[in-house]
file model_7.pdb (PDB, N, CA and C atoms, pLDDT in the B column)
MODEL        1
ATOM      1  N   MET A   6     -50.243 -17.652   3.479  1.00 47.00           N
ATOM      2  CA  MET A   6     -49.441 -18.755   3.993  1.00 47.00           C
ATOM      3  C   MET A   6     -48.027 -18.655   3.408  1.00 47.00           C
ATOM      4  N   GLU A   7     -47.037 -18.831   4.247  1.00 60.00           N
ATOM      5  CA  GLU A   7     -45.676 -18.709   3.738  1.00 60.00           C
ATOM      6  C   GLU A   7     -45.242 -19.997   3.047  1.00 60.00           C
ATOM      7  N   ARG A   8     -44.343 -19.829   2.115  1.00 74.00           N
ATOM      8  CA  ARG A   8     -43.864 -20.945   1.309  1.00 74.00           C
ATOM      9  C   ARG A   8     -42.985 -21.866   2.141  1.00 74.00           C
ATOM     10  N   THR A   9     -43.211 -23.176   2.007  1.00 85.00           N
ATOM     11  CA  THR A   9     -42.362 -24.138   2.698  1.00 85.00           C
ATOM     12  C   THR A   9     -41.305 -24.662   1.730  1.00 85.00           C
ATOM     13  N   LEU A  10     -40.232 -25.149   2.278  1.00 93.00           N
ATOM     14  CA  LEU A  10     -39.150 -25.705   1.472  1.00 93.00           C
ATOM     15  C   LEU A  10     -39.562 -27.037   0.858  1.00 93.00           C
ATOM     16  N   THR A  11     -39.028 -27.325  -0.309  1.00 95.00           N
ATOM     17  CA  THR A  11     -39.168 -28.663  -0.867  1.00 95.00           C
ATOM     18  C   THR A  11     -38.048 -29.514  -0.284  1.00 95.00           C
ATOM     19  N   LYS A  12     -38.180 -30.823  -0.381  1.00 96.00           N
ATOM     20  CA  LYS A  12     -37.123 -31.695   0.121  1.00 96.00           C
ATOM     21  C   LYS A  12     -35.826 -31.445  -0.642  1.00 96.00           C
ATOM     22  N   GLN A  13     -35.935 -31.233  -1.943  1.00 96.00           N
ATOM     23  CA  GLN A  13     -34.758 -30.975  -2.766  1.00 96.00           C
ATOM     24  C   GLN A  13     -34.039 -29.710  -2.291  1.00 96.00           C
ATOM     25  N   ASP A  14     -34.792 -28.648  -2.007  1.00 96.00           N
ATOM     26  CA  ASP A  14     -34.199 -27.406  -1.514  1.00 96.00           C
ATOM     27  C   ASP A  14     -33.547 -27.619  -0.147  1.00 96.00           C
ATOM     28  N   ALA A  15     -34.264 -28.289   0.740  1.00 96.00           N
ATOM     29  CA  ALA A  15     -33.748 -28.528   2.093  1.00 96.00           C
ATOM     30  C   ALA A  15     -32.468 -29.354   2.051  1.00 96.00           C
ATOM     31  N   LEU A  16     -32.438 -30.382   1.213  1.00 94.00           N
ATOM     32  CA  LEU A  16     -31.244 -31.226   1.107  1.00 94.00           C
ATOM     33  C   LEU A  16     -30.068 -30.447   0.545  1.00 94.00           C
ATOM     34  N   ALA A  17     -30.319 -29.601  -0.443  1.00 94.00           N
ATOM     35  CA  ALA A  17     -29.248 -28.782  -1.017  1.00 94.00           C
ATOM     36  C   ALA A  17     -28.663 -27.840   0.032  1.00 94.00           C
ATOM     37  N   ILE A  18     -29.513 -27.207   0.819  1.00 94.00           N
ATOM     38  CA  ILE A  18     -29.051 -26.307   1.885  1.00 94.00           C
ATOM     39  C   ILE A  18     -28.264 -27.095   2.929  1.00 94.00           C
ATOM     40  N   PHE A  19     -28.795 -28.245   3.313  1.00 92.00           N
ATOM     41  CA  PHE A  19     -28.155 -29.111   4.300  1.00 92.00           C
ATOM     42  C   PHE A  19     -26.743 -29.495   3.857  1.00 92.00           C
ATOM     43  N   LYS A  20     -26.612 -29.938   2.606  1.00 89.00           N
ATOM     44  CA  LYS A  20     -25.295 -30.341   2.095  1.00 89.00           C
ATOM     45  C   LYS A  20     -24.354 -29.150   1.955  1.00 89.00           C
ATOM     46  N   GLU A  21     -24.864 -28.028   1.484  1.00 89.00           N
ATOM     47  CA  GLU A  21     -24.029 -26.832   1.317  1.00 89.00           C
ATOM     48  C   GLU A  21     -23.506 -26.337   2.662  1.00 89.00           C
ATOM     49  N   ASP A  22     -24.351 -26.374   3.682  1.00 87.00           N
ATOM     50  CA  ASP A  22     -23.946 -25.924   5.012  1.00 87.00           C
ATOM     51  C   ASP A  22     -22.842 -26.800   5.601  1.00 87.00           C
ATOM     52  N   ARG A  23     -22.763 -28.036   5.184  1.00 85.00           N
ATOM     53  CA  ARG A  23     -21.781 -28.961   5.740  1.00 85.00           C
ATOM     54  C   ARG A  23     -20.601 -29.226   4.811  1.00 85.00           C
ATOM     55  N   LYS A  24     -20.602 -28.581   3.667  1.00 82.00           N
ATOM     56  CA  LYS A  24     -19.614 -28.829   2.618  1.00 82.00           C
ATOM     57  C   LYS A  24     -18.174 -28.698   3.099  1.00 82.00           C
ATOM     58  N   GLY A  25     -17.854 -27.676   3.847  1.00 78.00           N
ATOM     59  CA  GLY A  25     -16.482 -27.442   4.267  1.00 78.00           C
ATOM     60  C   GLY A  25     -16.115 -28.069   5.598  1.00 78.00           C
ATOM     61  N   GLU A  26     -17.029 -28.767   6.212  1.00 77.00           N
ATOM     62  CA  GLU A  26     -16.767 -29.334   7.537  1.00 77.00           C
ATOM     63  C   GLU A  26     -16.050 -30.677   7.418  1.00 77.00           C
ATOM     64  N   GLU A  27     -14.834 -30.711   7.884  1.00 80.00           N
ATOM     65  CA  GLU A  27     -14.024 -31.927   7.816  1.00 80.00           C
ATOM     66  C   GLU A  27     -14.702 -33.092   8.536  1.00 80.00           C
ATOM     67  N   PHE A  28     -15.262 -32.839   9.706  1.00 76.00           N
ATOM     68  CA  PHE A  28     -15.868 -33.930  10.469  1.00 76.00           C
ATOM     69  C   PHE A  28     -17.030 -34.558   9.705  1.00 76.00           C
ATOM     70  N   TRP A  29     -17.718 -33.775   8.855  1.00 75.00           N
ATOM     71  CA  TRP A  29     -18.864 -34.314   8.108  1.00 75.00           C
ATOM     72  C   TRP A  29     -18.415 -35.440   7.180  1.00 75.00           C
ATOM     73  N   ARG A  30     -17.253 -35.295   6.577  1.00 78.00           N
ATOM     74  CA  ARG A  30     -16.755 -36.321   5.661  1.00 78.00           C
ATOM     75  C   ARG A  30     -16.350 -37.596   6.391  1.00 78.00           C
ATOM     76  N   THR A  31     -16.098 -37.492   7.680  1.00 81.00           N
ATOM     77  CA  THR A  31     -15.673 -38.672   8.435  1.00 81.00           C
ATOM     78  C   THR A  31     -16.827 -39.363   9.165  1.00 81.00           C
ATOM     79  N   LEU A  32     -18.012 -38.788   9.141  1.00 80.00           N
ATOM     80  CA  LEU A  32     -19.148 -39.394   9.830  1.00 80.00           C
ATOM     81  C   LEU A  32     -19.633 -40.639   9.101  1.00 80.00           C
ATOM     82  N   ASP A  33     -20.071 -41.614   9.875  1.00 85.00           N
ATOM     83  CA  ASP A  33     -20.656 -42.801   9.258  1.00 85.00           C
ATOM     84  C   ASP A  33     -22.108 -42.516   8.873  1.00 85.00           C
ATOM     85  N   SER A  34     -22.721 -43.446   8.189  1.00 87.00           N
ATOM     86  CA  SER A  34     -24.077 -43.217   7.681  1.00 87.00           C
ATOM     87  C   SER A  34     -25.102 -43.039   8.805  1.00 87.00           C
ATOM     88  N   ILE A  35     -24.901 -43.692   9.919  1.00 90.00           N
ATOM     89  CA  ILE A  35     -25.831 -43.542  11.047  1.00 90.00           C
ATOM     90  C   ILE A  35     -25.782 -42.111  11.572  1.00 90.00           C
ATOM     91  N   ALA A  36     -24.597 -41.573  11.722  1.00 87.00           N
ATOM     92  CA  ALA A  36     -24.442 -40.196  12.202  1.00 87.00           C
ATOM     93  C   ALA A  36     -25.019 -39.203  11.196  1.00 87.00           C
ATOM     94  N   LYS A  37     -24.837 -39.463   9.913  1.00 88.00           N
ATOM     95  CA  LYS A  37     -25.401 -38.586   8.896  1.00 88.00           C
ATOM     96  C   LYS A  37     -26.921 -38.622   8.916  1.00 88.00           C
ATOM     97  N   ARG A  38     -27.496 -39.799   9.102  1.00 92.00           N
ATOM     98  CA  ARG A  38     -28.955 -39.907   9.192  1.00 92.00           C
ATOM     99  C   ARG A  38     -29.481 -39.153  10.410  1.00 92.00           C
ATOM    100  N   GLU A  39     -28.779 -39.267  11.519  1.00 93.00           N
ATOM    101  CA  GLU A  39     -29.175 -38.548  12.732  1.00 93.00           C
ATOM    102  C   GLU A  39     -29.089 -37.037  12.524  1.00 93.00           C
ATOM    103  N   SER A  40     -28.045 -36.590  11.857  1.00 91.00           N
ATOM    104  CA  SER A  40     -27.885 -35.163  11.579  1.00 91.00           C
ATOM    105  C   SER A  40     -29.022 -34.655  10.694  1.00 91.00           C
ATOM    106  N   TRP A  41     -29.394 -35.419   9.661  1.00 94.00           N
ATOM    107  CA  TRP A  41     -30.511 -35.042   8.783  1.00 94.00           C
ATOM    108  C   TRP A  41     -31.810 -34.989   9.598  1.00 94.00           C
ATOM    109  N   SER A  42     -32.012 -35.962  10.455  1.00 96.00           N
ATOM    110  CA  SER A  42     -33.218 -36.002  11.282  1.00 96.00           C
ATOM    111  C   SER A  42     -33.310 -34.767  12.181  1.00 96.00           C
ATOM    112  N   ASN A  43     -32.208 -34.410  12.794  1.00 95.00           N
ATOM    113  CA  ASN A  43     -32.183 -33.214  13.645  1.00 95.00           C
ATOM    114  C   ASN A  43     -32.441 -31.947  12.829  1.00 95.00           C
ATOM    115  N   TYR A  44     -31.883 -31.905  11.630  1.00 96.00           N
ATOM    116  CA  TYR A  44     -32.065 -30.757  10.746  1.00 96.00           C
ATOM    117  C   TYR A  44     -33.538 -30.604  10.347  1.00 96.00           C
ATOM    118  N   THR A  45     -34.173 -31.698   9.907  1.00 97.00           N
ATOM    119  CA  THR A  45     -35.571 -31.601   9.494  1.00 97.00           C
ATOM    120  C   THR A  45     -36.476 -31.294  10.682  1.00 97.00           C
ATOM    121  N   ASP A  46     -36.121 -31.788  11.860  1.00 97.00           N
ATOM    122  CA  ASP A  46     -36.880 -31.446  13.057  1.00 97.00           C
ATOM    123  C   ASP A  46     -36.817 -29.945  13.314  1.00 97.00           C
ATOM    124  N   SER A  47     -35.638 -29.369  13.166  1.00 96.00           N
ATOM    125  CA  SER A  47     -35.493 -27.919  13.387  1.00 96.00           C
ATOM    126  C   SER A  47     -36.263 -27.127  12.325  1.00 96.00           C
ATOM    127  N   LEU A  48     -36.277 -27.609  11.084  1.00 96.00           N
ATOM    128  CA  LEU A  48     -37.052 -26.936  10.033  1.00 96.00           C
ATOM    129  C   LEU A  48     -38.542 -26.966  10.354  1.00 96.00           C
ATOM    130  N   CYS A  49     -39.015 -28.092  10.839  1.00 96.00           N
ATOM    131  CA  CYS A  49     -40.427 -28.224  11.183  1.00 96.00           C
ATOM    132  C   CYS A  49     -40.787 -27.299  12.338  1.00 96.00           C
ATOM    133  N   ARG A  50     -39.968 -27.281  13.355  1.00 96.00           N
ATOM    134  CA  ARG A  50     -40.232 -26.418  14.517  1.00 96.00           C
ATOM    135  C   ARG A  50     -40.213 -24.933  14.147  1.00 96.00           C
ATOM    136  N   ALA A  51     -39.393 -24.578  13.152  1.00 94.00           N
ATOM    137  CA  ALA A  51     -39.299 -23.182  12.711  1.00 94.00           C
ATOM    138  C   ALA A  51     -40.398 -22.810  11.717  1.00 94.00           C
ATOM    139  N   GLY A  52     -41.158 -23.807  11.264  1.00 94.00           N
ATOM    140  CA  GLY A  52     -42.222 -23.554  10.309  1.00 94.00           C
ATOM    141  C   GLY A  52     -41.751 -23.499   8.859  1.00 94.00           C
ATOM    142  N   SER A  53     -40.522 -23.935   8.623  1.00 95.00           N
ATOM    143  CA  SER A  53     -39.983 -23.927   7.261  1.00 95.00           C
ATOM    144  C   SER A  53     -40.491 -25.101   6.432  1.00 95.00           C
ATOM    145  N   ILE A  54     -40.902 -26.168   7.103  1.00 96.00           N
ATOM    146  CA  ILE A  54     -41.556 -27.294   6.447  1.00 96.00           C
ATOM    147  C   ILE A  54     -42.772 -27.672   7.285  1.00 96.00           C
ATOM    148  N   SER A  55     -43.726 -28.320   6.658  1.00 95.00           N
ATOM    149  CA  SER A  55     -44.944 -28.714   7.374  1.00 95.00           C
ATOM    150  C   SER A  55     -44.709 -30.010   8.147  1.00 95.00           C
ATOM    151  N   LEU A  56     -45.593 -30.304   9.060  1.00 95.00           N
ATOM    152  CA  LEU A  56     -45.515 -31.556   9.815  1.00 95.00           C
ATOM    153  C   LEU A  56     -45.649 -32.736   8.857  1.00 95.00           C
ATOM    154  N   LYS A  57     -46.500 -32.612   7.860  1.00 96.00           N
ATOM    155  CA  LYS A  57     -46.668 -33.690   6.874  1.00 96.00           C
ATOM    156  C   LYS A  57     -45.358 -33.949   6.128  1.00 96.00           C
ATOM    157  N   GLN A  58     -44.664 -32.878   5.738  1.00 96.00           N
ATOM    158  CA  GLN A  58     -43.363 -33.048   5.076  1.00 96.00           C
ATOM    159  C   GLN A  58     -42.384 -33.736   6.021  1.00 96.00           C
ATOM    160  N   TYR A  59     -42.328 -33.267   7.242  1.00 96.00           N
ATOM    161  CA  TYR A  59     -41.408 -33.825   8.238  1.00 96.00           C
ATOM    162  C   TYR A  59     -41.642 -35.323   8.423  1.00 96.00           C
ATOM    163  N   GLU A  60     -42.897 -35.711   8.480  1.00 96.00           N
ATOM    164  CA  GLU A  60     -43.237 -37.119   8.720  1.00 96.00           C
ATOM    165  C   GLU A  60     -43.079 -37.996   7.487  1.00 96.00           C
ATOM    166  N   SER A  61     -43.124 -37.410   6.294  1.00 96.00           N
ATOM    167  CA  SER A  61     -43.121 -38.252   5.087  1.00 96.00           C
ATOM    168  C   SER A  61     -41.786 -38.292   4.336  1.00 96.00           C
ATOM    169  N   TRP A  62     -40.885 -37.346   4.601  1.00 96.00           N
ATOM    170  CA  TRP A  62     -39.614 -37.346   3.894  1.00 96.00           C
ATOM    171  C   TRP A  62     -38.747 -38.527   4.345  1.00 96.00           C
ATOM    172  N   SER A  63     -38.286 -39.299   3.385  1.00 94.00           N
ATOM    173  CA  SER A  63     -37.358 -40.376   3.715  1.00 94.00           C
ATOM    174  C   SER A  63     -35.966 -39.773   3.933  1.00 94.00           C
ATOM    175  N   ASN A  64     -35.156 -40.502   4.655  1.00 94.00           N
ATOM    176  CA  ASN A  64     -33.808 -40.019   4.947  1.00 94.00           C
ATOM    177  C   ASN A  64     -32.893 -40.328   3.776  1.00 94.00           C
ATOM    178  N   PRO A  65     -32.206 -39.332   3.216  1.00 92.00           N
ATOM    179  CA  PRO A  65     -31.368 -39.567   2.037  1.00 92.00           C
ATOM    180  C   PRO A  65     -30.015 -40.212   2.332  1.00 92.00           C
ATOM    181  N   PHE A  66     -29.735 -40.506   3.590  1.00 88.00           N
ATOM    182  CA  PHE A  66     -28.421 -41.057   3.918  1.00 88.00           C
ATOM    183  C   PHE A  66     -28.515 -42.489   4.327  1.00 88.00           C
TER     184      PHE A  66
ENDMDL
END

call {"tool": "encode", "arguments": {"input": "model_7.pdb", "output": "C-alpha cells"}}
result
Amino acid sequence: MERTLTKQDALAIFKEDRKGEEFWRTLDSIAKRESWSNYTDSLCRAGSISLKQYESWSNPF
C-alpha cells in the first residue's frame, strides 16, 4: 500500500504552492476554504489521501 499524505504535509505543500501568488493574498476566507476543499478533493481522487482523511480533515482557513 502506498503512503498517504498527512494533513500537516498536505497543508505545507498547499501553502508552499501558493506562496508567490499575489491573488492568494487577496482572497477572502471563503475563497481560501473553497480552494483547500478543491485541493483535498484532487488529492483524494489521485489516491494521495484516503477517503477517510478527505472526509475527516477540518478546513484550516

call {"tool": "atom_distance", "arguments": {"input": "model_7.pdb", "atom1": "CA of Asn43 (chain A)", "atom2": "CA of Asn64 (chain A)"}}
result
11.2 Å

call {"tool": "atom_distance", "arguments": {"input": "model_7.pdb", "atom1": "atom N of Pro65 (chain A)", "atom2": "atom C of Lys37 (chain A)"}}
result
7.8 Å

call {"tool": "select_by_dssp", "arguments": {"input": "model_7.pdb", "residues": "chain A", "states": "helix (DSSP H, G or I)", "output": "PDB file with N, CA and C atoms, in the frame of the given file"}}
result
ATOM      1  N   LYS A  12     -38.180 -30.823  -0.381  1.00 96.00           N
ATOM      2  CA  LYS A  12     -37.123 -31.695   0.121  1.00 96.00           C
ATOM      3  C   LYS A  12     -35.826 -31.445  -0.642  1.00 96.00           C
ATOM      4  N   GLN A  13     -35.935 -31.233  -1.943  1.00 96.00           N
ATOM      5  CA  GLN A  13     -34.758 -30.975  -2.766  1.00 96.00           C
ATOM      6  C   GLN A  13     -34.039 -29.710  -2.291  1.00 96.00           C
ATOM      7  N   ASP A  14     -34.792 -28.648  -2.007  1.00 96.00           N
ATOM      8  CA  ASP A  14     -34.199 -27.406  -1.514  1.00 96.00           C
ATOM      9  C   ASP A  14     -33.547 -27.619  -0.147  1.00 96.00           C
ATOM     10  N   ALA A  15     -34.264 -28.289   0.740  1.00 96.00           N
ATOM     11  CA  ALA A  15     -33.748 -28.528   2.093  1.00 96.00           C
ATOM     12  C   ALA A  15     -32.468 -29.354   2.051  1.00 96.00           C
ATOM     13  N   LEU A  16     -32.438 -30.382   1.213  1.00 94.00           N
ATOM     14  CA  LEU A  16     -31.244 -31.226   1.107  1.00 94.00           C
ATOM     15  C   LEU A  16     -30.068 -30.447   0.545  1.00 94.00           C
ATOM     16  N   ALA A  17     -30.319 -29.601  -0.443  1.00 94.00           N
ATOM     17  CA  ALA A  17     -29.248 -28.782  -1.017  1.00 94.00           C
ATOM     18  C   ALA A  17     -28.663 -27.840   0.032  1.00 94.00           C
ATOM     19  N   ILE A  18     -29.513 -27.207   0.819  1.00 94.00           N
ATOM     20  CA  ILE A  18     -29.051 -26.307   1.885  1.00 94.00           C
ATOM     21  C   ILE A  18     -28.264 -27.095   2.929  1.00 94.00           C
ATOM     22  N   PHE A  19     -28.795 -28.245   3.313  1.00 92.00           N
ATOM     23  CA  PHE A  19     -28.155 -29.111   4.300  1.00 92.00           C
ATOM     24  C   PHE A  19     -26.743 -29.495   3.857  1.00 92.00           C
ATOM     25  N   LYS A  20     -26.612 -29.938   2.606  1.00 89.00           N
ATOM     26  CA  LYS A  20     -25.295 -30.341   2.095  1.00 89.00           C
ATOM     27  C   LYS A  20     -24.354 -29.150   1.955  1.00 89.00           C
ATOM     28  N   GLU A  21     -24.864 -28.028   1.484  1.00 89.00           N
ATOM     29  CA  GLU A  21     -24.029 -26.832   1.317  1.00 89.00           C
ATOM     30  C   GLU A  21     -23.506 -26.337   2.662  1.00 89.00           C
ATOM     31  N   ASP A  22     -24.351 -26.374   3.682  1.00 87.00           N
ATOM     32  CA  ASP A  22     -23.946 -25.924   5.012  1.00 87.00           C
ATOM     33  C   ASP A  22     -22.842 -26.800   5.601  1.00 87.00           C
ATOM     34  N   ARG A  23     -22.763 -28.036   5.184  1.00 85.00           N
ATOM     35  CA  ARG A  23     -21.781 -28.961   5.740  1.00 85.00           C
ATOM     36  C   ARG A  23     -20.601 -29.226   4.811  1.00 85.00           C
ATOM     37  N   GLU A  27     -14.834 -30.711   7.884  1.00 80.00           N
ATOM     38  CA  GLU A  27     -14.024 -31.927   7.816  1.00 80.00           C
ATOM     39  C   GLU A  27     -14.702 -33.092   8.536  1.00 80.00           C
ATOM     40  N   PHE A  28     -15.262 -32.839   9.706  1.00 76.00           N
ATOM     41  CA  PHE A  28     -15.868 -33.930  10.469  1.00 76.00           C
ATOM     42  C   PHE A  28     -17.030 -34.558   9.705  1.00 76.00           C
ATOM     43  N   TRP A  29     -17.718 -33.775   8.855  1.00 75.00           N
ATOM     44  CA  TRP A  29     -18.864 -34.314   8.108  1.00 75.00           C
ATOM     45  C   TRP A  29     -18.415 -35.440   7.180  1.00 75.00           C
ATOM     46  N   ARG A  30     -17.253 -35.295   6.577  1.00 78.00           N
ATOM     47  CA  ARG A  30     -16.755 -36.321   5.661  1.00 78.00           C
ATOM     48  C   ARG A  30     -16.350 -37.596   6.391  1.00 78.00           C
ATOM     49  N   THR A  31     -16.098 -37.492   7.680  1.00 81.00           N
ATOM     50  CA  THR A  31     -15.673 -38.672   8.435  1.00 81.00           C
ATOM     51  C   THR A  31     -16.827 -39.363   9.165  1.00 81.00           C
ATOM     52  N   SER A  34     -22.721 -43.446   8.189  1.00 87.00           N
ATOM     53  CA  SER A  34     -24.077 -43.217   7.681  1.00 87.00           C
ATOM     54  C   SER A  34     -25.102 -43.039   8.805  1.00 87.00           C
ATOM     55  N   ILE A  35     -24.901 -43.692   9.919  1.00 90.00           N
ATOM     56  CA  ILE A  35     -25.831 -43.542  11.047  1.00 90.00           C
ATOM     57  C   ILE A  35     -25.782 -42.111  11.572  1.00 90.00           C
ATOM     58  N   ALA A  36     -24.597 -41.573  11.722  1.00 87.00           N
ATOM     59  CA  ALA A  36     -24.442 -40.196  12.202  1.00 87.00           C
ATOM     60  C   ALA A  36     -25.019 -39.203  11.196  1.00 87.00           C
ATOM     61  N   LYS A  37     -24.837 -39.463   9.913  1.00 88.00           N
ATOM     62  CA  LYS A  37     -25.401 -38.586   8.896  1.00 88.00           C
ATOM     63  C   LYS A  37     -26.921 -38.622   8.916  1.00 88.00           C
ATOM     64  N   ARG A  38     -27.496 -39.799   9.102  1.00 92.00           N
ATOM     65  CA  ARG A  38     -28.955 -39.907   9.192  1.00 92.00           C
ATOM     66  C   ARG A  38     -29.481 -39.153  10.410  1.00 92.00           C
ATOM     67  N   GLU A  39     -28.779 -39.267  11.519  1.00 93.00           N
ATOM     68  CA  GLU A  39     -29.175 -38.548  12.732  1.00 93.00           C
ATOM     69  C   GLU A  39     -29.089 -37.037  12.524  1.00 93.00           C
ATOM     70  N   SER A  40     -28.045 -36.590  11.857  1.00 91.00           N
ATOM     71  CA  SER A  40     -27.885 -35.163  11.579  1.00 91.00           C
ATOM     72  C   SER A  40     -29.022 -34.655  10.694  1.00 91.00           C
ATOM     73  N   TRP A  41     -29.394 -35.419   9.661  1.00 94.00           N
ATOM     74  CA  TRP A  41     -30.511 -35.042   8.783  1.00 94.00           C
ATOM     75  C   TRP A  41     -31.810 -34.989   9.598  1.00 94.00           C
ATOM     76  N   SER A  42     -32.012 -35.962  10.455  1.00 96.00           N
ATOM     77  CA  SER A  42     -33.218 -36.002  11.282  1.00 96.00           C
ATOM     78  C   SER A  42     -33.310 -34.767  12.181  1.00 96.00           C
ATOM     79  N   ASN A  43     -32.208 -34.410  12.794  1.00 95.00           N
ATOM     80  CA  ASN A  43     -32.183 -33.214  13.645  1.00 95.00           C
ATOM     81  C   ASN A  43     -32.441 -31.947  12.829  1.00 95.00           C
ATOM     82  N   TYR A  44     -31.883 -31.905  11.630  1.00 96.00           N
ATOM     83  CA  TYR A  44     -32.065 -30.757  10.746  1.00 96.00           C
ATOM     84  C   TYR A  44     -33.538 -30.604  10.347  1.00 96.00           C
ATOM     85  N   THR A  45     -34.173 -31.698   9.907  1.00 97.00           N
ATOM     86  CA  THR A  45     -35.571 -31.601   9.494  1.00 97.00           C
ATOM     87  C   THR A  45     -36.476 -31.294  10.682  1.00 97.00           C
ATOM     88  N   ASP A  46     -36.121 -31.788  11.860  1.00 97.00           N
ATOM     89  CA  ASP A  46     -36.880 -31.446  13.057  1.00 97.00           C
ATOM     90  C   ASP A  46     -36.817 -29.945  13.314  1.00 97.00           C
ATOM     91  N   SER A  47     -35.638 -29.369  13.166  1.00 96.00           N
ATOM     92  CA  SER A  47     -35.493 -27.919  13.387  1.00 96.00           C
ATOM     93  C   SER A  47     -36.263 -27.127  12.325  1.00 96.00           C
ATOM     94  N   LEU A  48     -36.277 -27.609  11.084  1.00 96.00           N
ATOM     95  CA  LEU A  48     -37.052 -26.936  10.033  1.00 96.00           C
ATOM     96  C   LEU A  48     -38.542 -26.966  10.354  1.00 96.00           C
ATOM     97  N   CYS A  49     -39.015 -28.092  10.839  1.00 96.00           N
ATOM     98  CA  CYS A  49     -40.427 -28.224  11.183  1.00 96.00           C
ATOM     99  C   CYS A  49     -40.787 -27.299  12.338  1.00 96.00           C
ATOM    100  N   ARG A  50     -39.968 -27.281  13.355  1.00 96.00           N
ATOM    101  CA  ARG A  50     -40.232 -26.418  14.517  1.00 96.00           C
ATOM    102  C   ARG A  50     -40.213 -24.933  14.147  1.00 96.00           C
ATOM    103  N   ALA A  51     -39.393 -24.578  13.152  1.00 94.00           N
ATOM    104  CA  ALA A  51     -39.299 -23.182  12.711  1.00 94.00           C
ATOM    105  C   ALA A  51     -40.398 -22.810  11.717  1.00 94.00           C
ATOM    106  N   LEU A  56     -45.593 -30.304   9.060  1.00 95.00           N
ATOM    107  CA  LEU A  56     -45.515 -31.556   9.815  1.00 95.00           C
ATOM    108  C   LEU A  56     -45.649 -32.736   8.857  1.00 95.00           C
ATOM    109  N   LYS A  57     -46.500 -32.612   7.860  1.00 96.00           N
ATOM    110  CA  LYS A  57     -46.668 -33.690   6.874  1.00 96.00           C
ATOM    111  C   LYS A  57     -45.358 -33.949   6.128  1.00 96.00           C
ATOM    112  N   GLN A  58     -44.664 -32.878   5.738  1.00 96.00           N
ATOM    113  CA  GLN A  58     -43.363 -33.048   5.076  1.00 96.00           C
ATOM    114  C   GLN A  58     -42.384 -33.736   6.021  1.00 96.00           C
ATOM    115  N   TYR A  59     -42.328 -33.267   7.242  1.00 96.00           N
ATOM    116  CA  TYR A  59     -41.408 -33.825   8.238  1.00 96.00           C
ATOM    117  C   TYR A  59     -41.642 -35.323   8.423  1.00 96.00           C
ATOM    118  N   GLU A  60     -42.897 -35.711   8.480  1.00 96.00           N
ATOM    119  CA  GLU A  60     -43.237 -37.119   8.720  1.00 96.00           C
ATOM    120  C   GLU A  60     -43.079 -37.996   7.487  1.00 96.00           C
ATOM    121  N   SER A  61     -43.124 -37.410   6.294  1.00 96.00           N
ATOM    122  CA  SER A  61     -43.121 -38.252   5.087  1.00 96.00           C
ATOM    123  C   SER A  61     -41.786 -38.292   4.336  1.00 96.00           C
TER     124      SER A  61
END

call {"tool": "closest_residue", "arguments": {"input": "model_7.pdb", "among": "A:Glu26, A:Leu10, A:Lys20, A:Thr31", "to": "Cys49 (chain A)", "atoms": "only C-alpha atoms"}}
result
A:Leu10

call {"tool": "resolve_selection", "arguments": {"input": "model_7.pdb", "expression": "the PyMOL selection byres ((chain A and resi 57-59) around 8)", "output": "PDB file with N, CA and C atoms, in the coordinates of the input"}}
result
ATOM      1  N   LYS A  12     -38.180 -30.823  -0.381  1.00 96.00           N
ATOM      2  CA  LYS A  12     -37.123 -31.695   0.121  1.00 96.00           C
ATOM      3  C   LYS A  12     -35.826 -31.445  -0.642  1.00 96.00           C
ATOM      4  N   THR A  45     -34.173 -31.698   9.907  1.00 97.00           N
ATOM      5  CA  THR A  45     -35.571 -31.601   9.494  1.00 97.00           C
ATOM      6  C   THR A  45     -36.476 -31.294  10.682  1.00 97.00           C
ATOM      7  N   ASP A  46     -36.121 -31.788  11.860  1.00 97.00           N
ATOM      8  CA  ASP A  46     -36.880 -31.446  13.057  1.00 97.00           C
ATOM      9  C   ASP A  46     -36.817 -29.945  13.314  1.00 97.00           C
ATOM     10  N   LEU A  48     -36.277 -27.609  11.084  1.00 96.00           N
ATOM     11  CA  LEU A  48     -37.052 -26.936  10.033  1.00 96.00           C
ATOM     12  C   LEU A  48     -38.542 -26.966  10.354  1.00 96.00           C
ATOM     13  N   CYS A  49     -39.015 -28.092  10.839  1.00 96.00           N
ATOM     14  CA  CYS A  49     -40.427 -28.224  11.183  1.00 96.00           C
ATOM     15  C   CYS A  49     -40.787 -27.299  12.338  1.00 96.00           C
ATOM     16  N   ILE A  54     -40.902 -26.168   7.103  1.00 96.00           N
ATOM     17  CA  ILE A  54     -41.556 -27.294   6.447  1.00 96.00           C
ATOM     18  C   ILE A  54     -42.772 -27.672   7.285  1.00 96.00           C
ATOM     19  N   SER A  55     -43.726 -28.320   6.658  1.00 95.00           N
ATOM     20  CA  SER A  55     -44.944 -28.714   7.374  1.00 95.00           C
ATOM     21  C   SER A  55     -44.709 -30.010   8.147  1.00 95.00           C
ATOM     22  N   LEU A  56     -45.593 -30.304   9.060  1.00 95.00           N
ATOM     23  CA  LEU A  56     -45.515 -31.556   9.815  1.00 95.00           C
ATOM     24  C   LEU A  56     -45.649 -32.736   8.857  1.00 95.00           C
ATOM     25  N   GLU A  60     -42.897 -35.711   8.480  1.00 96.00           N
ATOM     26  CA  GLU A  60     -43.237 -37.119   8.720  1.00 96.00           C
ATOM     27  C   GLU A  60     -43.079 -37.996   7.487  1.00 96.00           C
ATOM     28  N   SER A  61     -43.124 -37.410   6.294  1.00 96.00           N
ATOM     29  CA  SER A  61     -43.121 -38.252   5.087  1.00 96.00           C
ATOM     30  C   SER A  61     -41.786 -38.292   4.336  1.00 96.00           C
ATOM     31  N   TRP A  62     -40.885 -37.346   4.601  1.00 96.00           N
ATOM     32  CA  TRP A  62     -39.614 -37.346   3.894  1.00 96.00           C
ATOM     33  C   TRP A  62     -38.747 -38.527   4.345  1.00 96.00           C
ATOM     34  N   SER A  63     -38.286 -39.299   3.385  1.00 94.00           N
ATOM     35  CA  SER A  63     -37.358 -40.376   3.715  1.00 94.00           C
ATOM     36  C   SER A  63     -35.966 -39.773   3.933  1.00 94.00           C
TER      37      SER A  63
END

call {"tool": "atom_distance", "arguments": {"input": "model_7.pdb", "atom1": "atom C of Thr9 (chain A)", "atom2": "CA of Gly52 (chain A)"}}
result
8.7 Å
